[in-house]
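**Q** Contents of start01.pdb (PDB, C-alpha atoms, pLDDT in the B column):
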```pdb
ATOM      1  CA  MET A   1     169.425 104.949  95.524  1.00 94.00           C
ATOM      2  CA  LYS A   2     169.067 108.076  97.628  1.00 96.00           C
ATOM      3  CA  ILE A   3     171.019 108.405 100.866  1.00 97.00           C
ATOM      4  CA  ASN A   4     170.095 111.041 103.419  1.00 96.00           C
ATOM      5  CA  ILE A   5     172.319 111.307 106.492  1.00 96.00           C
ATOM      6  CA  LYS A   6     171.359 113.406 109.509  1.00 96.00           C
ATOM      7  CA  ARG A   7     173.533 113.909 112.552  1.00 95.00           C
ATOM      8  CA  ASN A   8     172.203 115.008 115.923  1.00 96.00           C
ATOM      9  CA  GLY A   9     175.022 115.042 118.468  1.00 94.00           C
ATOM     10  CA  ASN A  10     176.298 111.467 118.787  1.00 94.00           C
ATOM     11  CA  GLU A  11     173.311 110.056 116.874  1.00 97.00           C
ATOM     12  CA  LEU A  12     173.454 109.400 113.141  1.00 97.00           C
ATOM     13  CA  THR A  13     170.339 108.619 111.105  1.00 98.00           C
ATOM     14  CA  VAL A  14     170.748 107.141 107.632  1.00 98.00           C
ATOM     15  CA  GLU A  15     167.618 107.187 105.469  1.00 98.00           C
ATOM     16  CA  LEU A  16     167.718 105.017 102.359  1.00 97.00           C
ATOM     17  CA  GLU A  17     165.400 105.120  99.366  1.00 97.00           C
ATOM     18  CA  GLY A  18     165.425 102.851  96.323  1.00 97.00           C
ATOM     19  CA  ARG A  19     167.534  99.703  95.989  1.00 96.00           C
ATOM     20  CA  LEU A  20     170.534  98.712  98.084  1.00 97.00           C
ATOM     21  CA  ASP A  21     172.332  96.182  95.931  1.00 96.00           C
ATOM     22  CA  THR A  22     175.687  95.363  94.363  1.00 95.00           C
ATOM     23  CA  LEU A  23     175.701  98.592  92.364  1.00 96.00           C
ATOM     24  CA  THR A  24     174.661 100.953  95.162  1.00 97.00           C
ATOM     25  CA  SER A  25     176.177  99.403  98.294  1.00 96.00           C
ATOM     26  CA  PRO A  26     179.627 100.957  97.587  1.00 97.00           C
ATOM     27  CA  ASP A  27     177.936 104.376  97.621  1.00 96.00           C
ATOM     28  CA  LEU A  28     176.572 103.717 101.096  1.00 97.00           C
ATOM     29  CA  GLU A  29     179.958 102.456 102.296  1.00 95.00           C
ATOM     30  CA  ASP A  30     181.566 105.643 100.990  1.00 95.00           C
ATOM     31  CA  GLU A  31     178.955 107.802 102.730  1.00 94.00           C
ATOM     32  CA  LEU A  32     179.482 106.024 106.060  1.00 95.00           C
ATOM     33  CA  GLU A  33     183.271 106.055 105.920  1.00 89.00           C
ATOM     34  CA  ASP A  34     184.765 108.179 108.718  1.00 86.00           C
ATOM     35  CA  LYS A  35     181.303 109.128 110.039  1.00 90.00           C
ATOM     36  CA  LEU A  36     180.922 106.374 112.646  1.00 90.00           C
ATOM     37  CA  ASP A  37     183.948 106.972 114.885  1.00 86.00           C
ATOM     38  CA  ASP A  38     182.198 109.020 117.579  1.00 88.00           C
ATOM     39  CA  ILE A  39     178.625 107.833 117.014  1.00 93.00           C
ATOM     40  CA  GLU A  40     176.810 106.270 119.975  1.00 95.00           C
ATOM     41  CA  MET A  41     173.550 105.511 118.121  1.00 97.00           C
ATOM     42  CA  LEU A  42     173.279 104.608 114.447  1.00 97.00           C
ATOM     43  CA  ILE A  43     169.779 104.488 113.018  1.00 98.00           C
ATOM     44  CA  PHE A  44     169.010 103.069 109.588  1.00 98.00           C
ATOM     45  CA  ASP A  45     165.579 104.158 108.354  1.00 98.00           C
ATOM     46  CA  LEU A  46     164.727 101.778 105.524  1.00 96.00           C
ATOM     47  CA  GLY A  47     161.172 102.982 104.961  1.00 95.00           C
ATOM     48  CA  GLY A  48     161.948 104.023 101.388  1.00 96.00           C
ATOM     49  CA  LEU A  49     164.040 100.971 100.541  1.00 96.00           C
ATOM     50  CA  GLU A  50     162.378  98.753  97.932  1.00 95.00           C
ATOM     51  CA  TYR A  51     165.019  96.013  97.790  1.00 96.00           C
ATOM     52  CA  ILE A  52     168.157  94.875  99.604  1.00 96.00           C
ATOM     53  CA  SER A  53     170.648  92.308  98.320  1.00 95.00           C
ATOM     54  CA  SER A  54     173.365  90.377 100.111  1.00 93.00           C
ATOM     55  CA  ALA A  55     175.764  93.204  99.247  1.00 95.00           C
ATOM     56  CA  GLY A  56     173.476  95.634 101.058  1.00 96.00           C
ATOM     57  CA  LEU A  57     173.214  93.330 104.051  1.00 95.00           C
ATOM     58  CA  ARG A  58     177.009  93.162 104.135  1.00 96.00           C
ATOM     59  CA  VAL A  59     177.197  96.968 104.431  1.00 96.00           C
ATOM     60  CA  LEU A  60     174.770  96.865 107.369  1.00 96.00           C
ATOM     61  CA  VAL A  61     176.851  94.159 109.060  1.00 95.00           C
ATOM     62  CA  GLY A  62     179.990  96.247 108.565  1.00 95.00           C
ATOM     63  CA  ALA A  63     178.278  99.299 110.060  1.00 96.00           C
ATOM     64  CA  ALA A  64     177.095  97.236 113.043  1.00 95.00           C
ATOM     65  CA  GLN A  65     180.639  95.973 113.627  1.00 94.00           C
ATOM     66  CA  ALA A  66     182.069  99.499 113.408  1.00 92.00           C
ATOM     67  CA  ILE A  67     179.500 100.825 115.887  1.00 94.00           C
ATOM     68  CA  ASP A  68     180.074  97.882 118.216  1.00 91.00           C
ATOM     69  CA  GLU A  69     183.826  98.609 118.280  1.00 89.00           C
ATOM     70  CA  HIS A  70     182.979 102.030 119.749  1.00 84.00           C
ATOM     71  CA  ASP A  71     180.439 100.610 122.220  1.00 89.00           C
ATOM     72  CA  GLY A  72     177.571 102.199 120.289  1.00 92.00           C
ATOM     73  CA  ASP A  73     174.193 100.826 119.303  1.00 95.00           C
ATOM     74  CA  MET A  74     172.506 100.349 115.946  1.00 96.00           C
ATOM     75  CA  VAL A  75     168.819 100.071 115.158  1.00 97.00           C
ATOM     76  CA  ILE A  76     166.964  99.473 111.904  1.00 97.00           C
ATOM     77  CA  ARG A  77     163.544 101.047 111.446  1.00 97.00           C
ATOM     78  CA  ASN A  78     160.620 101.062 109.037  1.00 96.00           C
ATOM     79  CA  LEU A  79     161.288  97.920 107.007  1.00 95.00           C
ATOM     80  CA  SER A  80     159.041  97.562 103.995  1.00 93.00           C
ATOM     81  CA  VAL A  81     157.443  94.153 103.494  1.00 92.00           C
ATOM     82  CA  PRO A  82     159.855  93.055 100.711  1.00 93.00           C
ATOM     83  CA  VAL A  83     162.902  94.138 102.718  1.00 95.00           C
ATOM     84  CA  ARG A  84     161.578  92.510 105.903  1.00 94.00           C
ATOM     85  CA  ASP A  85     161.103  89.286 103.917  1.00 94.00           C
ATOM     86  CA  VAL A  86     164.792  89.344 102.947  1.00 94.00           C
ATOM     87  CA  PHE A  87     165.777  89.925 106.577  1.00 94.00           C
ATOM     88  CA  ASP A  88     163.532  87.042 107.688  1.00 94.00           C
ATOM     89  CA  VAL A  89     164.724  84.572 105.039  1.00 94.00           C
ATOM     90  CA  THR A  90     168.400  85.308 105.706  1.00 91.00           C
ATOM     91  CA  GLY A  91     168.058  85.249 109.493  1.00 90.00           C
ATOM     92  CA  PHE A  92     169.113  88.880 109.806  1.00 90.00           C
ATOM     93  CA  SER A  93     165.870  89.694 111.642  1.00 89.00           C
ATOM     94  CA  ASP A  94     167.392  88.013 114.692  1.00 89.00           C
ATOM     95  CA  ALA A  95     170.838  89.562 114.194  1.00 87.00           C
ATOM     96  CA  PHE A  96     169.760  93.212 114.244  1.00 90.00           C
ATOM     97  CA  ASP A  97     167.700  95.391 116.545  1.00 90.00           C
ATOM     98  CA  ILE A  98     164.680  96.076 114.318  1.00 93.00           C
ATOM     99  CA  GLU A  99     161.883  98.462 115.240  1.00 89.00           C
TER     100      GLU A  99
END
```
What is this file in structure tokens?

**A**
Amino acid sequence: MKINIKRNGNELTVELEGRLDTLTSPDLEDELEDKLDDIEMLIFDLGGLEYISSAGLRVLVGAAQAIDEHDGDMVIRNLSVPVRDVFDVTGFSDAFDIE
């Protein structure tokens, strides 16, 4: 999986490409560690994500909780059809702000 993180002031954009699963979700957690403290807007761009597992969803939930603790917002953009299907089946489509 490729992770591209861009910061613009208090906005952090995380672009993911490949598969976010049990093997790669720790990499994303490591990349996000200590980067969310002063972020007001966290954007996950999942346009290049082919697959997400429950481990990947758990990382997104953790990021949402961390952002919420700092009164920030999180949005998820550009879901591919297979990834959107996972969000729909698990009920996460209603739990996240998805554009």

**Q** What is the atom CA of Arg19 of chain A-atom CA of Val83 of chain A distance in Å, reported with one decimal?

**A**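 Separation of atom CA of Arg19 of chain A and atom CA of Val83 of chain A: 9.9 Å.
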
**Q** If we count all atoms listed in the file, what is near Leu57 of chain A at a cut-off of 9 Å, once residues fewer than 4 positions away on the same chain are taken out, given as a PDB file with C-alpha atoms, in the coordinates of the input?

**A**
```pdb
ATOM      1  CA  LEU A  20     170.534  98.712  98.084  1.00 97.00           C
ATOM      2  CA  ASP A  21     172.332  96.182  95.931  1.00 96.00           C
ATOM      3  CA  SER A  25     176.177  99.403  98.294  1.00 96.00           C
ATOM      4  CA  ILE A  52     168.157  94.875  99.604  1.00 96.00           C
ATOM      5  CA  SER A  53     170.648  92.308  98.320  1.00 95.00           C
ATOM      6  CA  VAL A  61     176.851  94.159 109.060  1.00 95.00           C
ATOM      7  CA  GLY A  62     179.990  96.247 108.565  1.00 95.00           C
ATOM      8  CA  PHE A  87     165.777  89.925 106.577  1.00 94.00           C
ATOM      9  CA  PHE A  92     169.113  88.880 109.806  1.00 90.00           C
TER      10      PHE A  92
END
```

**Q** On this structure, the PyMOL selection byres ((chain A and resi 12-17) around 8) would catch which residues? List them as a PyMOL selection string, sorted by chain and number.

**A** chain A and resi 1-11+18-19+39+41-50

**Q** Which centre and edge lengths in Å to one decimal define the box along x, y and z that fits every listed atom of segment 2-19 of chain A plus 8 Å per side, as lines of an AutoDock Vina configuration file?

**A**
```
center_x = 170.8
center_y = 107.4
center_z = 107.4
size_x = 26.9
size_y = 31.3
size_z = 38.8
```

**Q** Atom CA of Ile67 of chain A and atom CA of Ser80 of chain A are how many Å apart?

**A**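 Separation between atom CA of Ile67 of chain A and atom CA of Ser80 of chain A: 23.9 Å.
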
**Q** Could you work out how far atom CA of His70 of chain A lies from atom CA of Arg84 of chain A, giving the answer in Å with one decimal?

**A** 27.2 Å
